[in-house]
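Dumped final09.txt below, it's compact mmCIF, C-alpha atoms and all ligand atoms:
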# COMPACT_ATOMS: atom_id res chain seq x y z
CA MET A 244 -32.48 -9.13 3.91
CA THR A 245 -35.34 -6.65 3.62
CA LEU A 246 -34.00 -3.57 1.99
CA ILE A 247 -36.94 -1.38 1.21
CA ALA A 248 -38.83 -1.71 4.45
CA SER A 249 -42.54 -1.03 4.43
CA LYS A 250 -43.96 1.22 7.16
CA THR A 251 -44.78 -1.66 9.51
CA GLU A 252 -41.40 -3.30 9.05
CA THR A 253 -39.69 -0.02 9.83
CA LEU A 254 -41.46 0.01 13.17
CA GLU A 255 -40.33 -3.52 13.95
CA THR A 256 -36.62 -2.83 13.38
CA PRO A 257 -34.97 -1.04 16.32
CA PRO A 258 -34.25 2.67 15.78
CA LEU A 259 -30.92 2.98 14.01
CA LEU A 260 -29.41 5.33 16.57
CA ASP A 261 -29.51 2.56 19.19
CA GLU A 262 -26.58 1.11 17.29
CA PRO A 263 -23.20 2.82 16.96
CA PRO A 264 -22.73 4.75 13.71
CA VAL A 265 -21.50 2.81 10.69
CA PRO A 266 -17.95 4.16 10.28
CA PHE A 267 -16.64 5.15 6.89
CA LEU A 268 -13.58 2.99 7.51
CA ASP A 269 -12.56 0.82 10.48
CA LEU A 270 -8.83 0.20 10.65
CA LYS A 271 -9.04 -1.16 14.18
CA ALA A 272 -11.38 -3.94 13.05
CA GLN A 273 -8.74 -5.08 10.57
CA TYR A 274 -5.96 -4.84 13.14
CA SER A 275 -7.79 -7.02 15.63
CA GLY A 276 -7.76 -9.87 13.10
CA ILE A 277 -3.97 -9.78 12.53
CA ARG A 278 -2.77 -8.36 15.85
CA GLU A 279 -0.53 -11.26 16.96
CA GLU A 280 1.31 -11.52 13.68
CA ILE A 281 1.77 -7.76 13.38
CA LEU A 282 3.15 -7.42 16.90
CA ARG A 283 5.51 -10.35 16.37
CA SER A 284 6.86 -8.76 13.16
CA LEU A 285 7.35 -5.40 14.90
CA GLN A 286 9.23 -7.08 17.70
CA GLU A 287 11.49 -8.79 15.17
CA VAL A 288 12.33 -5.43 13.60
CA ALA A 289 12.99 -3.85 16.99
CA ASP A 290 15.27 -6.75 17.93
CA SER A 291 17.06 -6.72 14.57
CA GLY A 292 18.60 -3.25 14.91
CA THR A 293 17.83 -2.49 11.22
CA TYR A 294 15.18 0.23 11.20
CA ILE A 295 15.35 1.57 7.65
CA LEU A 296 15.15 -0.55 4.46
CA GLY A 297 16.82 -3.90 5.24
CA PRO A 298 15.62 -7.50 4.71
CA ARG A 299 11.95 -6.98 5.61
CA VAL A 300 11.52 -4.12 3.15
CA ALA A 301 13.35 -6.17 0.50
CA ALA A 302 11.11 -9.19 1.16
CA PHE A 303 8.00 -7.05 0.90
CA GLU A 304 9.22 -5.47 -2.34
CA GLU A 305 9.77 -8.88 -3.88
CA ALA A 306 6.38 -10.19 -2.74
CA PHE A 307 4.55 -7.05 -3.91
CA ALA A 308 6.15 -7.17 -7.37
CA GLU A 309 5.29 -10.84 -7.73
CA ASN A 310 1.72 -10.30 -6.54
CA LEU A 311 1.30 -7.71 -9.27
CA GLY A 312 3.15 -9.47 -12.05
CA ALA A 313 5.85 -6.78 -12.26
CA LYS A 314 9.60 -7.44 -12.31
CA HIS A 315 10.75 -4.88 -9.74
CA CYS A 316 9.36 -2.98 -6.79
CA VAL A 317 11.10 -0.15 -4.94
CA GLY A 318 9.71 0.79 -1.55
CA VAL A 319 9.58 4.47 -0.59
CA ASN A 320 8.13 6.62 2.16
CA SER A 321 4.85 7.68 0.47
CA GLY A 322 2.77 7.52 -2.68
CA THR A 323 3.64 11.13 -3.37
CA SER A 324 7.36 10.29 -3.27
CA ALA A 325 6.70 7.33 -5.57
CA LEU A 326 5.13 9.63 -8.16
CA HIS A 327 7.94 12.16 -7.81
CA LEU A 328 10.68 9.59 -8.43
CA ALA A 329 8.75 7.94 -11.28
CA LEU A 330 8.55 11.28 -13.10
CA ILE A 331 12.29 11.84 -12.62
CA THR A 332 13.10 8.44 -14.13
CA ALA A 333 10.78 9.26 -17.04
CA GLY A 334 13.04 12.23 -17.74
CA VAL A 335 10.51 14.93 -16.86
CA GLU A 336 12.27 18.21 -16.10
CA ALA A 337 11.55 21.85 -15.36
CA GLY A 338 9.47 23.47 -18.10
CA ASP A 339 8.06 20.16 -19.39
CA GLU A 340 4.41 19.17 -19.51
CA VAL A 341 2.70 16.10 -18.07
CA ILE A 342 -0.80 15.12 -19.18
CA THR A 343 -3.00 14.09 -16.26
CA VAL A 344 -6.56 14.38 -14.88
CA PRO A 345 -8.07 16.97 -12.53
CA MET A 346 -10.33 14.37 -10.85
CA THR A 347 -7.87 12.86 -8.38
CA PHE A 348 -6.24 13.41 -5.03
CA VAL A 349 -4.05 16.49 -5.45
CA ALA A 350 -0.79 14.58 -4.87
CA THR A 351 -0.87 13.38 -8.50
CA SER A 352 -0.28 16.98 -9.55
CA TRP A 353 2.09 17.78 -6.69
CA ALA A 354 4.61 15.32 -8.12
CA ILE A 355 4.45 17.09 -11.49
CA SER A 356 5.04 20.42 -9.75
CA TYR A 357 7.96 19.01 -7.73
CA VAL A 358 9.96 18.40 -10.92
CA GLY A 359 9.09 21.90 -12.14
CA ALA A 360 6.77 20.62 -14.88
CA ARG A 361 3.24 21.77 -15.65
CA PRO A 362 0.14 19.59 -15.26
CA VAL A 363 -1.87 19.62 -18.50
CA PHE A 364 -5.31 18.31 -17.73
CA VAL A 365 -7.72 16.22 -19.78
CA ASP A 366 -11.17 15.40 -18.47
CA VAL A 367 -12.27 12.00 -17.19
CA ASP A 368 -14.86 9.89 -18.98
CA PRO A 369 -18.37 9.95 -17.50
CA VAL A 370 -18.56 6.18 -16.89
CA THR A 371 -15.31 5.26 -15.10
CA TYR A 372 -14.18 8.76 -14.00
CA THR A 373 -10.71 7.91 -15.31
CA MET A 374 -8.67 9.65 -18.03
CA ASP A 375 -10.63 10.05 -21.27
CA ALA A 376 -8.07 8.62 -23.70
CA SER A 377 -9.84 10.23 -26.68
CA GLN A 378 -8.84 13.69 -25.41
CA VAL A 379 -5.14 13.02 -24.90
CA GLU A 380 -3.58 13.41 -28.35
CA ALA A 381 -4.97 16.93 -28.77
CA LYS A 382 -3.00 17.99 -25.69
CA ILE A 383 0.38 16.61 -26.77
CA THR A 384 3.03 19.27 -27.52
CA PRO A 385 6.81 19.00 -27.98
CA LYS A 386 7.07 19.63 -24.22
CA THR A 387 4.92 16.64 -23.22
CA LYS A 388 7.19 14.21 -21.36
CA ALA A 389 4.75 11.88 -19.60
CA ILE A 390 1.11 10.77 -19.44
CA LEU A 391 -0.10 10.20 -15.87
CA PRO A 392 -3.52 8.52 -15.63
CA VAL A 393 -5.08 7.76 -12.24
CA HIS A 394 -6.85 4.49 -11.37
CA LEU A 395 -9.52 6.39 -9.49
CA TYR A 396 -11.48 4.70 -6.70
CA GLY A 397 -9.68 1.45 -7.60
CA GLN A 398 -10.75 1.19 -11.24
CA PRO A 399 -7.89 1.11 -13.77
CA ALA A 400 -7.87 3.84 -16.39
CA ASP A 401 -8.18 2.65 -20.00
CA LEU A 402 -4.50 1.81 -20.41
CA ARG A 403 -4.42 0.23 -23.87
CA PRO A 404 -5.19 3.40 -25.87
CA LEU A 405 -3.01 5.45 -23.53
CA LEU A 406 -0.05 3.08 -24.00
CA GLU A 407 -0.62 3.17 -27.78
CA ILE A 408 -0.58 6.97 -27.81
CA GLY A 409 2.49 6.97 -25.57
CA CYS A 410 4.26 4.50 -27.85
CA LYS A 411 3.38 6.44 -31.01
CA HIS A 412 4.74 9.72 -29.60
CA GLY A 413 7.58 8.26 -27.51
CA ILE A 414 6.00 9.44 -24.25
CA PRO A 415 6.11 7.19 -21.15
CA VAL A 416 2.89 6.37 -19.32
CA ILE A 417 3.10 6.43 -15.51
CA GLU A 418 0.22 4.87 -13.59
CA ASP A 419 -1.02 6.47 -10.40
CA ALA A 420 -2.15 3.20 -8.82
CA ALA A 421 -2.34 4.61 -5.27
CA GLN A 422 -5.95 3.42 -5.02
CA ALA A 423 -5.71 0.28 -7.12
CA HIS A 424 -3.79 -2.49 -5.31
CA ASN A 425 -4.81 -5.78 -6.93
CA ALA A 426 -6.98 -4.16 -9.61
CA THR A 427 -6.52 -5.68 -13.05
CA TYR A 428 -6.60 -4.46 -16.64
CA GLY A 429 -7.08 -7.45 -18.92
CA ASP A 430 -4.73 -10.09 -17.54
CA HIS A 431 -2.36 -7.53 -16.05
CA GLY A 432 -2.06 -6.10 -12.59
CA ALA A 433 -2.83 -2.38 -12.53
CA GLY A 434 0.46 -0.55 -12.12
CA SER A 435 2.48 -3.13 -14.09
CA LEU A 436 1.81 -1.87 -17.63
CA GLY A 437 3.39 1.57 -17.81
CA HIS A 438 6.94 2.88 -17.44
CA CYS A 439 6.23 2.82 -13.70
CA GLY A 440 3.25 2.17 -11.44
CA CYS A 441 3.04 4.21 -8.24
CA PHE A 442 1.41 2.93 -5.06
CA SER A 443 0.55 4.47 -1.72
CA PHE A 444 0.34 2.51 1.52
CA TYR A 445 -1.25 5.35 3.47
CA PRO A 446 -3.20 3.63 6.29
CA GLY A 447 -6.61 4.07 4.63
CA LYS A 448 -5.54 2.63 1.26
CA ASN A 449 -6.46 -0.95 0.29
CA LEU A 450 -3.03 -2.07 1.49
CA GLY A 451 -2.17 0.29 4.32
CA ALA A 452 0.90 0.69 6.52
CA TYR A 453 0.78 1.94 10.11
CA GLY A 454 2.47 5.14 9.08
CA GLU A 455 3.65 6.55 5.75
CA ALA A 456 4.79 4.30 2.91
CA GLY A 457 4.64 3.89 -0.86
CA ALA A 458 6.25 1.97 -3.72
CA ILE A 459 7.08 2.13 -7.40
CA VAL A 460 6.88 -0.95 -9.61
CA THR A 461 8.56 -1.25 -12.99
CA ASN A 462 9.62 -3.92 -15.46
CA ASP A 463 12.78 -2.02 -16.43
CA GLU A 464 15.84 -3.03 -14.42
CA LYS A 465 17.74 0.19 -15.17
CA VAL A 466 14.80 2.25 -13.96
CA ALA A 467 14.57 0.13 -10.80
CA ASP A 468 18.28 0.63 -10.11
CA ARG A 469 17.97 4.38 -10.51
CA LEU A 470 14.89 4.46 -8.26
CA ARG A 471 16.78 2.54 -5.56
CA ALA A 472 19.60 5.06 -5.71
CA LEU A 473 17.33 8.14 -5.85
CA ARG A 474 15.31 7.15 -2.78
CA ASP A 475 18.55 6.84 -0.76
CA HIS A 476 20.41 10.11 -1.47
CA ALA A 477 21.50 8.87 -4.90
CA GLN A 478 24.48 7.05 -3.49
CA GLY A 479 25.60 4.17 -5.67
CA ARG A 480 28.57 3.88 -3.33
CA ARG A 481 28.28 5.28 0.19
CA TYR A 482 28.98 9.04 0.31
CA TYR A 483 29.47 9.27 -3.47
CA HIS A 484 26.53 11.03 -5.12
CA ASN A 485 26.26 11.28 -8.90
CA GLU A 486 23.00 13.26 -8.96
CA VAL A 487 20.71 15.05 -6.51
CA GLY A 488 19.00 12.40 -4.42
CA PHE A 489 16.24 12.20 -1.84
CA ASN A 490 15.57 10.69 1.54
CA TYR A 491 12.52 8.72 0.43
CA ARG A 492 13.39 5.39 2.10
CA MET A 493 10.78 3.01 3.48
CA ASP A 494 11.27 2.22 7.16
CA ALA A 495 11.62 -1.36 8.30
CA PHE A 496 8.56 -1.35 10.56
CA GLN A 497 6.35 -0.41 7.61
CA GLY A 498 8.02 -3.04 5.45
CA ALA A 499 7.34 -5.70 8.09
CA ILE A 500 3.69 -4.64 8.54
CA LEU A 501 3.11 -4.53 4.79
CA GLY A 502 4.67 -7.98 4.43
CA VAL A 503 2.18 -9.39 6.94
CA LYS A 504 -0.79 -7.57 5.44
CA LEU A 505 0.02 -8.43 1.81
CA LYS A 506 -0.88 -12.05 2.56
CA SER A 507 -4.48 -10.98 3.19
CA LEU A 508 -4.80 -8.52 0.32
CA LYS A 509 -6.44 -10.99 -2.03
CA ALA A 510 -9.12 -11.92 0.50
CA TRP A 511 -9.67 -8.26 1.40
CA THR A 512 -10.06 -7.34 -2.26
CA GLU A 513 -12.61 -10.13 -2.73
CA ALA A 514 -14.53 -8.85 0.31
CA ARG A 515 -14.55 -5.35 -1.21
CA ARG A 516 -15.82 -6.76 -4.50
CA ARG A 517 -18.66 -8.61 -2.77
CA LEU A 518 -19.67 -5.49 -0.83
CA ALA A 519 -19.61 -3.38 -4.00
CA ALA A 520 -21.73 -5.94 -5.86
CA ARG A 521 -24.28 -5.89 -3.04
CA TYR A 522 -24.44 -2.10 -3.05
CA ILE A 523 -25.00 -2.11 -6.81
CA GLU A 524 -27.69 -4.78 -6.52
CA HIS A 525 -29.61 -3.03 -3.74
CA LEU A 526 -29.19 0.61 -4.74
CA GLY A 527 -29.87 -0.07 -8.41
CA GLY A 528 -33.45 1.18 -8.49
CA LEU A 529 -32.67 4.59 -7.04
CA PRO A 530 -32.04 7.84 -8.94
CA LEU A 531 -28.37 7.76 -7.97
CA GLY A 532 -25.30 7.65 -10.20
CA LEU A 533 -23.79 4.25 -9.41
CA PRO A 534 -20.23 3.19 -10.16
CA GLY A 535 -19.61 0.31 -12.54
CA GLU A 536 -16.73 -1.70 -13.92
CA ALA A 537 -15.64 -1.31 -17.52
CA VAL A 538 -15.37 -4.51 -19.57
CA GLY A 539 -12.02 -6.22 -19.04
CA ARG A 540 -11.19 -4.23 -15.92
CA ARG A 541 -11.48 -5.39 -12.32
CA SER A 542 -11.74 -2.59 -9.80
CA ALA A 543 -10.05 -2.90 -6.41
CA TRP A 544 -13.05 -0.94 -5.03
CA HIS A 545 -10.97 1.39 -2.91
CA LEU A 546 -14.06 3.59 -2.68
CA PHE A 547 -17.74 3.16 -3.49
CA VAL A 548 -18.78 6.55 -4.84
CA VAL A 549 -22.34 7.46 -5.80
CA LEU A 550 -23.39 10.67 -7.55
CA HIS A 551 -26.41 12.77 -6.58
CA PRO A 552 -27.26 16.37 -7.54
CA ARG A 553 -28.17 17.12 -3.91
CA ARG A 554 -25.09 15.44 -2.49
CA ASP A 555 -24.77 17.65 0.60
CA ALA A 556 -28.41 17.11 1.59
CA LEU A 557 -28.06 13.36 1.07
CA ARG A 558 -24.91 13.38 3.17
CA ARG A 559 -26.71 15.15 6.04
CA GLU A 560 -29.64 12.73 5.83
CA LEU A 561 -27.23 9.80 6.12
CA GLU A 562 -25.33 11.42 8.98
CA THR A 563 -28.54 11.75 11.03
CA ARG A 564 -29.15 8.05 10.37
CA GLY A 565 -25.74 7.15 11.78
CA ILE A 566 -23.97 6.57 8.47
CA GLN A 567 -20.55 8.14 7.98
CA THR A 568 -19.59 9.10 4.43
CA GLY A 569 -16.69 10.79 2.63
CA LEU A 570 -16.08 13.17 -0.28
CA HIS A 571 -13.50 12.13 -2.88
CA TYR A 572 -12.89 14.84 -3.94
CA PRO A 573 -14.97 17.99 -3.54
CA VAL A 574 -12.67 20.30 -5.52
CA PRO A 575 -11.01 19.14 -8.76
CA VAL A 576 -7.33 19.96 -9.02
CA HIS A 577 -7.72 22.56 -11.81
CA LEU A 578 -9.92 24.66 -9.47
CA GLN A 579 -7.62 24.44 -6.43
CA ASP A 580 -6.14 27.74 -5.27
CA ALA A 581 -2.68 26.16 -5.42
CA TYR A 582 -3.08 25.86 -9.21
CA ARG A 583 -4.64 29.28 -9.81
CA SER A 584 -1.63 30.20 -11.92
CA LEU A 585 -2.70 27.64 -14.56
CA GLY A 586 -5.63 29.94 -15.33
CA HIS A 587 -8.44 27.38 -15.38
CA ARG A 588 -12.11 28.25 -14.90
CA ILE A 589 -15.29 26.48 -13.95
CA GLY A 590 -16.50 24.68 -17.06
CA ASP A 591 -13.06 23.66 -18.36
CA PHE A 592 -13.51 20.00 -17.35
CA PRO A 593 -17.25 19.44 -16.96
CA VAL A 594 -17.20 15.73 -16.09
CA SER A 595 -14.60 16.17 -13.35
CA GLU A 596 -16.53 19.14 -12.01
CA ARG A 597 -19.76 17.18 -11.93
CA VAL A 598 -18.11 14.28 -10.09
CA ALA A 599 -16.60 16.72 -7.58
CA ARG A 600 -19.99 18.39 -7.04
CA GLU A 601 -22.07 15.22 -6.76
CA CYS A 602 -19.75 12.54 -5.35
CA LEU A 603 -20.50 10.81 -2.07
CA SER A 604 -18.42 7.87 -0.82
CA LEU A 605 -20.35 5.24 1.14
CA PRO A 606 -18.68 3.09 3.81
CA LEU A 607 -16.78 0.18 2.28
CA PHE A 608 -14.05 -1.79 4.02
CA PRO A 609 -13.33 -5.54 4.02
CA GLU A 610 -14.41 -6.04 7.65
CA MET A 611 -17.78 -4.36 7.11
CA THR A 612 -20.50 -6.66 8.45
CA GLU A 613 -23.63 -7.66 6.60
CA ARG A 614 -25.65 -5.77 9.21
CA GLN A 615 -23.58 -2.62 8.74
CA GLN A 616 -24.08 -2.72 5.00
CA GLU A 617 -27.79 -3.42 5.39
CA ARG A 618 -28.06 -0.32 7.57
CA VAL A 619 -26.30 1.79 4.94
CA ILE A 620 -28.57 0.48 2.20
CA GLU A 621 -31.72 1.08 4.26
CA ALA A 622 -30.54 4.55 5.24
CA VAL A 623 -29.85 5.48 1.61
CA HIS A 624 -33.34 4.33 0.55
CA ASP A 625 -34.88 6.19 3.45
CA ALA A 626 -32.84 9.34 2.84
CA MET A 627 -33.73 9.33 -0.84
CA ARG A 628 -37.43 9.19 0.01
CA ASN A 629 -36.96 12.19 2.29
CA LEU A 630 -35.11 14.11 -0.42
CA GLU A 631 -37.93 13.50 -2.87
CA VAL A 632 -40.53 14.86 -0.46
CA ALA A 633 -38.50 17.90 0.55
C1 LIG B 1 -3.21 8.55 -1.64
C2 LIG B 1 -2.94 9.02 -3.01
C3 LIG B 1 -1.71 9.57 -3.39
C4 LIG B 1 -0.65 9.96 -2.40
O1 LIG B 1 -0.21 8.94 -1.59
P1 LIG B 1 0.48 9.32 -0.16
O2 LIG B 1 1.00 8.01 0.29
O3 LIG B 1 -0.59 9.87 0.71
O4 LIG B 1 1.56 10.30 -0.44
C5 LIG B 1 -1.51 9.88 -4.72
N1 LIG B 1 -2.47 9.68 -5.64
C6 LIG B 1 -3.67 9.18 -5.32
C7 LIG B 1 -4.68 8.96 -6.40
C8 LIG B 1 -3.96 8.84 -4.00
O5 LIG B 1 -5.17 8.35 -3.69
I'd like the structure from this file rewritten - as structure tokens, please.
Amino acid sequence: MTLIASKTETLETPPLLDEPPVPFLDLKAQYSGIREEILRSLQEVADSGTYILGPRVAAFEEAFAENLGAKHCVGVNSGTSALHLALITAGVEAGDEVITVPMTFVATSWAISYVGARPVFVDVDPVTYTMDASQVEAKITPKTKAILPVHLYGQPADLRPLLEIGCKHGIPVIEDAAQAHNATYGDHGAGSLGHCGCFSFYPGKNLGAYGEAGAIVTNDEKVADRLRALRDHAQGRRYYHNEVGFNYRMDAFQGAILGVKLKSLKAWTEARRRLAARYIEHLGGLPLGLPGEAVGRRSAWHLFVVLHPRRDALRRELETRGIQTGLHYPVPVHLQDAYRSLGHRIGDFPVSERVARECLSLPLFPEMTERQQERVIEAVHDAMRNLEVA
């Protein structure tokens, strides 16, 4: 593979726009590989007459827990719902505080707001963009009821020091593992170490449903029992409700689809890891901030995010070369209008703000072809040369 083409080689390769754009994500490519099995499973659900929860959701829950090395898994209707219920089982109530990060998808903070608590932010570290554990203890007050790190872009946050701090102060750690299916921290599956681990199966996630879905994993049987009740109107016995519950149930079609797709997750994660390694190898010489894995952690490579001070210009250059990209996420949570009342300003969390300003997500999905990745790599080299000249 020639990556930095010389002038003559550039002329020999066909103009990029003769080929369709490289998509950021291609869910249809994945579907075409598992179509028969998916359709068969959907037909079984339709024939069964059980459309919510039921045996297929239960089978998926069991398989997902085992895959992760956790004792229990409770399927729900989204990652946001998973976070909400996890905070309730951690005992977080109105007026409490939850320590989390501003560099995440906003739903992490929504869940804190849903229970009436206040997100208290600490910055991310500049290498992994996950919660900087060294900043956490300074933010603990008598109102702190949970610590909620995010395994951003698929890389687990540094859980050991966070669990130690949580243990010392009696504060549960809840993992937002919505982007980290099959990531590992040491020998453990990401999501299996805290009080609860929360997953999303939004279609674009590493394990995606064909609709909305999520799950909570836990090793605590009492917590699992309460989660099962809470997701289903808090009825231990039908029509008897001992607390305020929710309709957060997973539907049977999603359970069936996830059961089929879980069998491929390992192979898909390996494909992501190979693609990420190739990006790192071939973009290494450029003045770009490249992602890396911390020692002892295996990223699930949900996203491959590079940093560049002229991110928007780089994005436009890639767009004209037929390369679709994404921004995850252009505004950190502490600067969102929805959280104006927290009173934060630009400069409060400099690392998160820099990531938000400079981040650019390159295409990465398990079905990405070698040719597609080669085109992205060539386009990035080419675009960077253009940026230098301009
Ligand atoms: C996707 C995501 C969520 C929310 O999951 P939904 O299933 O969309 O509700 C929460 N946190 C993070 C970090 C996410 O990426």
Q | Shortest interatomic distance to ligand LIG 1 (chain B) - which of A:Asp269, A:Glu407, A:Glu340, A:Glu418, counting all atoms listed in the file | A | A:Glu418
Per residue of chain A within 10 Å of ligand LIG 1 (chain B), which atom pair is closest and at what distance in Å (one decimal), using only C-alpha atoms and all ligand atoms, listed by chain and increasing number, as a Markdown table?
| residue | atom | partner | partner_atom | distance |
| --- | --- | --- | --- | --- |
| A:Val319 | CA | B:LIG1 | O2 | 9.3 |
| A:Asn320 | CA | B:LIG1 | O2 | 7.5 |
| A:Ser321 | CA | B:LIG1 | O2 | 3.9 |
| A:Gly322 | CA | B:LIG1 | O1 | 3.5 |
| A:Thr323 | CA | B:LIG1 | O4 | 3.7 |
| A:Ser324 | CA | B:LIG1 | O4 | 6.5 |
| A:Ala325 | CA | B:LIG1 | O4 | 7.8 |
| A:Leu326 | CA | B:LIG1 | C5 | 7.5 |
| A:His327 | CA | B:LIG1 | O4 | 9.9 |
| A:Met346 | CA | B:LIG1 | C7 | 9.0 |
| A:Thr347 | CA | B:LIG1 | C7 | 5.4 |
| A:Phe348 | CA | B:LIG1 | C7 | 4.9 |
| A:Val349 | CA | B:LIG1 | N1 | 7.0 |
| A:Ala350 | CA | B:LIG1 | C5 | 4.8 |
| A:Thr351 | CA | B:LIG1 | N1 | 4.9 |
| A:Ser352 | CA | B:LIG1 | N1 | 8.6 |
| A:Trp353 | CA | B:LIG1 | C5 | 8.9 |
| A:Ala354 | CA | B:LIG1 | C5 | 8.9 |
| A:Pro392 | CA | B:LIG1 | C7 | 9.3 |
| A:Val393 | CA | B:LIG1 | C7 | 6.0 |
| A:His394 | CA | B:LIG1 | C7 | 7.0 |
| A:Leu395 | CA | B:LIG1 | C7 | 6.3 |
| A:Tyr396 | CA | B:LIG1 | O5 | 7.9 |
| A:Gly397 | CA | B:LIG1 | C7 | 9.1 |
| A:Glu418 | CA | B:LIG1 | C7 | 9.6 |
| A:Asp419 | CA | B:LIG1 | N1 | 5.9 |
| A:Ala420 | CA | B:LIG1 | C7 | 6.7 |
| A:Ala421 | CA | B:LIG1 | C8 | 4.7 |
| A:Gln422 | CA | B:LIG1 | O5 | 5.2 |
| A:Ala423 | CA | B:LIG1 | C7 | 8.8 |
| A:Cys441 | CA | B:LIG1 | C5 | 8.1 |
| A:Phe442 | CA | B:LIG1 | O1 | 7.1 |
| A:Ser443 | CA | B:LIG1 | O2 | 4.1 |
| A:Phe444 | CA | B:LIG1 | O2 | 5.7 |
| A:Tyr445 | CA | B:LIG1 | O2 | 4.7 |
| A:Pro446 | CA | B:LIG1 | O2 | 8.5 |
| A:Gly447 | CA | B:LIG1 | C1 | 8.4 |
| A:Lys448 | CA | B:LIG1 | C1 | 7.0 |
| A:Gly451 | CA | B:LIG1 | O2 | 9.3 |
| A:Ala452 | CA | B:LIG1 | O2 | 9.6 |
| A:Gly454 | CA | B:LIG1 | O2 | 9.4 |
| A:Glu455 | CA | B:LIG1 | O2 | 6.2 |
| A:Ala456 | CA | B:LIG1 | O2 | 5.9 |
| A:Gly457 | CA | B:LIG1 | O2 | 5.6 |
| A:Ala458 | CA | B:LIG1 | O2 | 9.0 |
| A:His545 | CA | B:LIG1 | O5 | 9.1 |
| A:His571 | CA | B:LIG1 | O5 | 9.2 |
Given only C-alpha atoms, how would the per-residue table for segment 391-504 of chain A near segment 279-287 of chain A read, listing every residue at most 7 Å away with its closest atom pair and distance in Å to one decimal, sorted by chain and number, as JSON lines?
{"residue": "A:Phe496", "atom": "CA", "partner": "A:Leu285", "partner_atom": "CA", "distance": 6.1}
{"residue": "A:Ala499", "atom": "CA", "partner": "A:Ser284", "partner_atom": "CA", "distance": 5.9}
{"residue": "A:Ile500", "atom": "CA", "partner": "A:Ile281", "partner_atom": "CA", "distance": 6.1}
{"residue": "A:Val503", "atom": "CA", "partner": "A:Ile281", "partner_atom": "CA", "distance": 6.7}
Q.
Applying 9 Å and only C-alpha atoms, which residues near segment 605-611 of chain A remain after dropping the ones on its own chain fewer than 5 positions away? List them as number ranges by chain.
A. A: 265-270, 272-273, 449, 510-516, 518-519, 544-549, 566-569, 616, 619
Q) Can you find the residues with an atom no farther than 10 Å from (19.0, 19.1, -9.1), counting all atoms listed in the file, and report them as a ChimeraX atom specification? A) /A:336,358,486-488
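When atom CA of Pro534 of chain A is paired with atom CA of Gly590 of chain A, their separation reads 22.9 Å.
The shortest atom-to-atom distance to Leu603 of chain A, with all atoms listed in the file taken into account, belongs to A:Arg553 out of A:Arg553, A:Glu536, A:Arg618, A:Asn310.
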Q.
Could you list, as a ChimeraX atom specification, every residue within 9 Å of Asp430 of chain A, counting only C-alpha atoms and ignoring same-chain residues fewer than 2 positions away?
A. /A:427-428,432,539-540
Q: Could you tell me which of A:Ala626, A:Ile355, A:Val344, A:Leu585 comes closest to Val367 of chain A if we count only C-alpha atoms?
A: A:Val344
Q.
Excluding Pro263 of chain A and its own-chain neighbours fewer than 5 positions away, which residues fall within 12 Å of it when counting only C-alpha atoms? Please give them as a PyMOL selection string.
A. chain A and resi 258+562-567+614-615+618
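Nearest residue to Gly292 of chain A among A:Val317, A:Gly535, A:Gly527, A:Asp494 is A:Asp494, counting all atoms listed in the file.
If you measure from each of A:Leu450, A:Ala306, A:Ala599, A:Ala467 to Ser507 of chain A using all atoms listed in the file, the closest one turns out to be A:Leu450.
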Residue contacts of Asp368 of chain A (9 Å, only C-alpha atoms) excluding same-chain residues fewer than 5 positions away, as a short mmCIF file (atom, residue, chain, number, x, y, z; two decimals) with C-alpha atoms, keeping the file's coordinate frame:
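This went into around08.cif:
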data_model
loop_
_atom_site.label_atom_id
_atom_site.label_comp_id
_atom_site.auth_asym_id
_atom_site.auth_seq_id
_atom_site.Cartn_x
_atom_site.Cartn_y
_atom_site.Cartn_z
CA THR A 373 -10.71 7.91 -15.31
CA MET A 374 -8.67 9.65 -18.03
CA ASP A 375 -10.63 10.05 -21.27
CA ALA A 376 -8.07 8.62 -23.70
CA VAL A 594 -17.20 15.73 -16.09
CA SER A 595 -14.60 16.17 -13.35
#
Q: Pick out the closest residue to Thr371 of chain A from this set: A:Ala477, A:Ile417, A:Ala400, A:Ala308. Count all atoms listed in the file.
A: A:Ala400
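A straight line drawn from atom CA of Ile390 of chain A to atom CA of Leu405 of chain A is 7.9 Å long.
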Could you add N, CA and C atoms to segment 528-533 of chain A and give me the result as an mmCIF file, in the frame of the given file?
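As a result, part_22.cif now contains:
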data_model
loop_
_atom_site.group_PDB
_atom_site.id
_atom_site.type_symbol
_atom_site.label_atom_id
_atom_site.label_comp_id
_atom_site.auth_asym_id
_atom_site.auth_seq_id
_atom_site.Cartn_x
_atom_site.Cartn_y
_atom_site.Cartn_z
ATOM 1 N N GLY A 528 -32.210 0.552 -8.055
ATOM 2 C CA GLY A 528 -33.450 1.180 -8.490
ATOM 3 C C GLY A 528 -33.541 2.673 -8.190
ATOM 4 N N LEU A 529 -32.568 3.204 -7.495
ATOM 5 C CA LEU A 529 -32.670 4.590 -7.040
ATOM 6 C C LEU A 529 -32.112 5.584 -8.067
ATOM 7 N N PRO A 530 -32.610 6.827 -8.049
ATOM 8 C CA PRO A 530 -32.040 7.840 -8.940
ATOM 9 C C PRO A 530 -30.693 8.355 -8.438
ATOM 10 N N LEU A 531 -29.716 7.454 -8.442
ATOM 11 C CA LEU A 531 -28.370 7.760 -7.970
ATOM 12 C C LEU A 531 -27.413 7.365 -9.088
ATOM 13 N N GLY A 532 -26.340 8.101 -9.269
ATOM 14 C CA GLY A 532 -25.300 7.650 -10.200
ATOM 15 C C GLY A 532 -24.472 6.588 -9.512
ATOM 16 N N LEU A 533 -24.519 5.356 -10.038
ATOM 17 C CA LEU A 533 -23.790 4.250 -9.410
ATOM 18 C C LEU A 533 -22.508 3.952 -10.170
#
